[in-house]
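A.B. asks: Got a structure here, written out as structure tokens. Questions coming.
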Amino acid sequence: MTVAVGLLLGAGVLAAWLGTAALVRLGTPFERLHVVTFLNLAAGLPIAIAAVLTGGASAGSIKVVLIFLSTALTGALLGHATARALHLREGERR
Amino acid sequence: MSAIWLAAAFALLPPLVVAIVAAGRAREAQRLIAVQAASSLGLMLLVAFTFAFDQPAAIDLALAFALLTLPATLLFALFEERWL
């Protein structure tokens with residue numbers, strides 16, 4: 001169990017580092033917008049699974065699952081809202 | 001087990017710092033994206049610290065943060081669209 005939790009946390013941390021590197025290196029704001037979704041899913045899911053394995057069947061594990069689901073579901077909405085704001089902002093500048 | 005979580009929490013700090021610096025130094029269009037990334041990373045950090053210090057009550061803070069991120073970011077997007 002400890003090995004599984006360690007591997008999952010390692011994968012989540014690696015995804016977080018990759019996402020942050022992409023946030024710095026990518027060029028346009030629309031490209032950088034994909035980083036947020038990547039962080040929510042690729043880093044959030046392993047950490048959530050590791051939390052469930054650590055906590056077992058408990059209220060804390062349920063809350064962690066709720067946190068992951070809320071970030072995964074709202075991430076798409078926020079990405080759309082942000083992209084719309086950026087698009088309208090660029091249109092005005094033209 | 002908590003040592004693994006503590007190590008993961010400290011490993012998540014540098015990406016969070018980079019995202020926060022990007023939120024302060026980037027152009028206006030990219031600051032909101034950096035704030036969203038910092039929010040996601042901060043959320044993972046809170047969950048990691050919950051298990052690292054064995055404080056189950058701290059997960060409520062992470063849950064509240066996750067739920068409040070939605071209206072806050074929508075408000076920021078509205079301001080960026082209309083006034084910034």
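We label chains A, B, ... in the order they appear in the structure tokens, count residues from 1 in each chain, and number ligands from 1 in the order shown.
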Please, which residues of chain A lie no more than 8 Å from chain B when the count uses only C-alpha atoms, and can they be set out as a ChimeraX atom specification?

C.D. replies: /A:2,6,9-10,13,16-17,20,23-24,29,32-33,35-36,39-40,44,47,51,54,60,63-64,66-67,70-71,74,78,81-82,84-86,88-89

A.B. asks: Leaving out Met1 (chain A) and any residue of its chain fewer than 3 positions from it, which residues lie within 8 Å of it when counting only C-alpha atoms, given as an MDAnalysis selection string?

C.D. replies: chainID A and resid 4:5 53

A.B. asks: Those same residues - N, CA and C atoms - I'd like them written as a CSV table (one decimal), in the first residue's frame.

C.D. replies:
chain,number,residue,atom,x,y,z
A,4,ALA,N,2.3,1.8,-3.4
A,4,ALA,CA,1.3,2.3,-4.4
A,4,ALA,C,1.0,3.8,-4.1
A,5,VAL,N,0.9,4.1,-2.9
A,5,VAL,CA,0.7,5.6,-2.5
A,5,VAL,C,1.9,6.4,-3.0
A,53,LEU,N,-6.6,5.7,-0.9
A,53,LEU,CA,-5.8,4.5,-0.4
A,53,LEU,C,-5.3,4.8,1.0

A.B. asks: Any idea what the distance is between CA of Ala76 (chain A) and CA of Leu61 (chain B)?

C.D. replies: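 Atom-to-atom, CA of Ala76 (chain A) to CA of Leu61 (chain B), that is 22.5 Å.
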